[in-house]
Structure formats: C-alpha cells, structure tokens
Amino acid sequence: MLQHNEKRAVSCEELISKRFDWLHRIVAQEEKLCVSTLRKELEEKTLSIQLQQKDIDAKLSSLSHRIKCAEQQLQSQSSAPLTEIRAPLVPPTRDPPAPEPAGLLIDEARALGNLDYRVWQNMGADITYSPVVLDPNTAHRYLHLSEDLTSVRREDIKQKVPLNPERFLSYTSVLGSEGFSSGTHRWDVEVGDHPEWVIGLVKESMDRRSKCIALPENGYWCLKQLKNKYMDITDNTVTLSTRPDRIQVELDYEAGRVSFFDAKDMTLICSHTDTFTEKLFPYFSLGPAGGATSTKDIKIGPCQVNREESKKRPLKEIWHLFP
C-alpha cells in the first residue's frame, strides 16, 4: 500500500502539473488577447480623435483666414471716404455648436467585464449566466464604480471624466453595458439599507441630459425607494412588510413584463406589462447615502440559486478536454 500510494502520488503530481500548465496557457492566451484587443481599440479611438482634431484645426484655420480678410476690409474702408463705402459690413452669423461626437471613449466594460467567465468559457465549463456589468462611459460624475464594474457608490467629489453623449448629466445614474431586445433576463441588486435608489430598465433612446419623471411613458420601468418610501413602476406607493436588502429584477421581453422581487423569499414587490419597441438597458440611480448605516455601495450580481436544488444538478464532465 505504501508503494502504491507513492506511485499514485507521483502520477497525480504529474497530472496536476500537466493540467495546471494547460490552465496557465489558457489564462495567458486570454490575457494576451484581452490586452491586444484593448491596445487595438486604443489605436482606433486615438485615430478617430486625431481625425476630429484635424477637422477642428482646419475649421480654425479657415476662421482665422476669414478674420484676417475682415480686418483688411475694415482697414480699407476706414481709409476711404464715407461716400465710397457702398455695402455695410454684415455681422457674421454664429453657427450652432456642433454635437459632441459619440463613441470616442474606450469600452472599459468590454475590456474588464466577465474576465473569469470568458476564461471558463474557453475551458468548456457550462456557464450560461453572467452578472450585469456597469458601463463607466454612462456613469454620472458623482458615481464611482468598482474595479470589476459590478458595484457603484455615490460620492460628493466629482470625477474628472469627459462629458460624452452617453454619460448622464442630470441624474446620478449609470447603465448596464449590455442591452436586451429579446429573451428573459434576471439579476440581483444588493441595496442593503441605502436610503435612496432607483433600479430597473430604461429604453436605449431615453434622454440622459434632461430631467424627467421615471415612468414608462418616458422610457423607464423602475422600482424606487426615496427616504424609506417605495414606489412602483407607475409611481404608486408600495407597502412592504419587511425592508428587502436584495432585489431581483426580471425582464421578459417577449411578454413585455418587468417584475421586481424580494430576492430573500421571492415575494413579488410589483410587476408591469408594456409593449417594448427597442433595446432595454439595466438602470441604476443613487441618491445620497447619508442615512445608510451599513451599505453605501449598490452591488449587482447573479441571482442566488437554491443550494439544495443546485446539488441535484450533475456537473458537466470536462476532463476529456485536457491534453
């Protein structure tokens, strides 16, 4: 038995080393691909910005030329008799400011989101669900996202970020990086004792610059908590027996239904049926967390699975994938 154990231990060590070498190769390849993709995107965005800058420089050069011509005209008219001045100077019209170009910031959510999931996917693991990843390009300047882009906190300090068209300016809000135009989707939001928040879904074309009431007619399907008062999707007050610290959001796009549950016992909080005509994005908005005693961050994660039910599910055999 001692000899057998020693033999098997040596064999197992060799197999462990071989399999971890394979795992290391997969992780290294994924890291190389992610960094390469990020650098390529940076080059593309840099080129786009440089082209925009060249266009601006050309317009400035043209404007400078027009100013010089106007100055020369003024000088020539000031030296001529008044009778020789036939045409009065017409003040130049001021063109309306051009809209800021969209899509010039790198996609951090694509670069950082779901790295573990993508590695496991390459290994052949049967993973079908991933948490909502927040899009930092949409986050209001008062919102600070975690490094893994799955939680958000409101601070009093404004971040120095570009005021790009995708970013919220009027409300301290942020969107998920992925929108949905079909299927059923669920995720949990840990709200804890945060006193003010709005969570749910919004349509892609909703106005991110102006203020409006979060109602379906404005493209919002959200549950709201403002100073311990809960309001449903249509802004009616909801009375809850207990204060939920984890909310489950469910979207059934084909059925046109958005629902909110207390994730602890899956008690329905509210539900609304509507007709969706465009892509919907997960939406999160935070008020000041001054009244919170334990929670300042709002965290998004996968729906918690019942452990007893999960034990009944067989694990997918993936050992045959190893060399």
# chains A, B, ... in the order shown; residues from 1 in each chain; ligands from 1
>>> residues_around(residues="A:Leu42", least_positions_apart="3", cutoff="12 Å", atoms="only C-alpha atoms", output="VMD selection string")
chain A and resid 35 to 39 45 to 50 103 to 108 111
>>> closest_atom_pairs(of="stretch 206-249 of chain A", to="stretch 155-171 of chain A", cutoff="7 Å", atoms="only C-alpha atoms", output="CSV")
residue,atom,partner,partner_atom,distance
A:Arg208,CA,A:Phe168,CA,4.8
A:Arg209,CA,A:Leu169,CA,5.2
A:Ser210,CA,A:Ser170,CA,5.8
A:Lys211,CA,A:Ser170,CA,5.9
>>> residues_around(residues="A:Asp245", least_positions_apart="3", cutoff="7 Å", atoms="only C-alpha atoms", output="list in words")
Glu190, Val191, Gly192 and Asp193 of chain A
>>> select_by_dssp(residues="stretch 62-301 of chain A", states="alpha helix (DSSP H)", output="MDAnalysis selection string")
chainID A and resid 62:79 108:112 115:122
>>> write_last_selection(atoms="C-alpha atoms", output="PDB file, in the first residue's frame")
ATOM      1  CA  SER A  62     -10.463  78.825 -42.131  1.00  0.00           C
ATOM      2  CA  LEU A  63     -11.902  81.026 -39.396  1.00  0.00           C
ATOM      3  CA  SER A  64      -8.527  82.760 -38.896  1.00  0.00           C
ATOM      4  CA  HIS A  65      -8.363  83.440 -42.642  1.00  0.00           C
ATOM      5  CA  ARG A  66     -11.851  84.936 -42.589  1.00  0.00           C
ATOM      6  CA  ILE A  67     -10.899  87.151 -39.627  1.00  0.00           C
ATOM      7  CA  LYS A  68      -7.812  88.456 -41.466  1.00  0.00           C
ATOM      8  CA  CYS A  69      -9.896  89.198 -44.552  1.00  0.00           C
ATOM      9  CA  ALA A  70     -12.436  91.043 -42.406  1.00  0.00           C
ATOM     10  CA  GLU A  71      -9.669  93.058 -40.737  1.00  0.00           C
ATOM     11  CA  GLN A  72      -8.219  94.028 -44.130  1.00  0.00           C
ATOM     12  CA  GLN A  73     -11.674  95.054 -45.344  1.00  0.00           C
ATOM     13  CA  LEU A  74     -12.198  97.188 -42.224  1.00  0.00           C
ATOM     14  CA  GLN A  75      -8.819  98.888 -42.717  1.00  0.00           C
ATOM     15  CA  SER A  76      -9.510  99.635 -46.383  1.00  0.00           C
ATOM     16  CA  GLN A  77     -12.964 101.028 -45.612  1.00  0.00           C
ATOM     17  CA  SER A  78     -11.723 103.136 -42.712  1.00  0.00           C
ATOM     18  CA  SER A  79      -9.235 104.926 -45.049  1.00  0.00           C
ATOM     19  CA  GLU A 108     -13.902  49.581 -20.401  1.00  0.00           C
ATOM     20  CA  ALA A 109     -16.844  47.273 -19.763  1.00  0.00           C
ATOM     21  CA  ARG A 110     -15.843  45.052 -22.682  1.00  0.00           C
ATOM     22  CA  ALA A 111     -12.204  45.030 -21.575  1.00  0.00           C
ATOM     23  CA  LEU A 112     -12.795  44.336 -17.857  1.00  0.00           C
ATOM     24  CA  LEU A 115     -12.960  38.043 -17.424  1.00  0.00           C
ATOM     25  CA  ASP A 116     -13.425  34.942 -15.245  1.00  0.00           C
ATOM     26  CA  TYR A 117     -16.485  33.941 -17.240  1.00  0.00           C
ATOM     27  CA  ARG A 118     -14.652  34.251 -20.554  1.00  0.00           C
ATOM     28  CA  VAL A 119     -11.749  32.128 -19.296  1.00  0.00           C
ATOM     29  CA  TRP A 120     -14.104  29.429 -18.004  1.00  0.00           C
ATOM     30  CA  GLN A 121     -15.998  29.556 -21.278  1.00  0.00           C
ATOM     31  CA  ASN A 122     -12.786  28.790 -23.141  1.00  0.00           C
TER      32      ASN A 122
END
>>> atom_distance(atom1="atom CA of A:Asn218", atom2="atom CA of A:Pro302")
27.8 Å
>>> closest_residue(among="A:Val10, A:Ile300, A:Ala292, A:Leu215", to="A:Val249", atoms="only C-alpha atoms")
A:Ile300
>>> atom_distance(atom1="atom CA of A:Leu134", atom2="atom CA of A:Ala263")
20.4 Å
>>> select_by_dssp(residues="stretch 7-208 of chain A", states="strand (DSSP E or B)", output="PyMOL selection string")
chain A and resi 134+143-145+151-154+173-176+180+184-190+196-203
>>> atom_distance(atom1="atom CA of A:Ile26", atom2="atom CA of A:Gly176")
27.9 Å
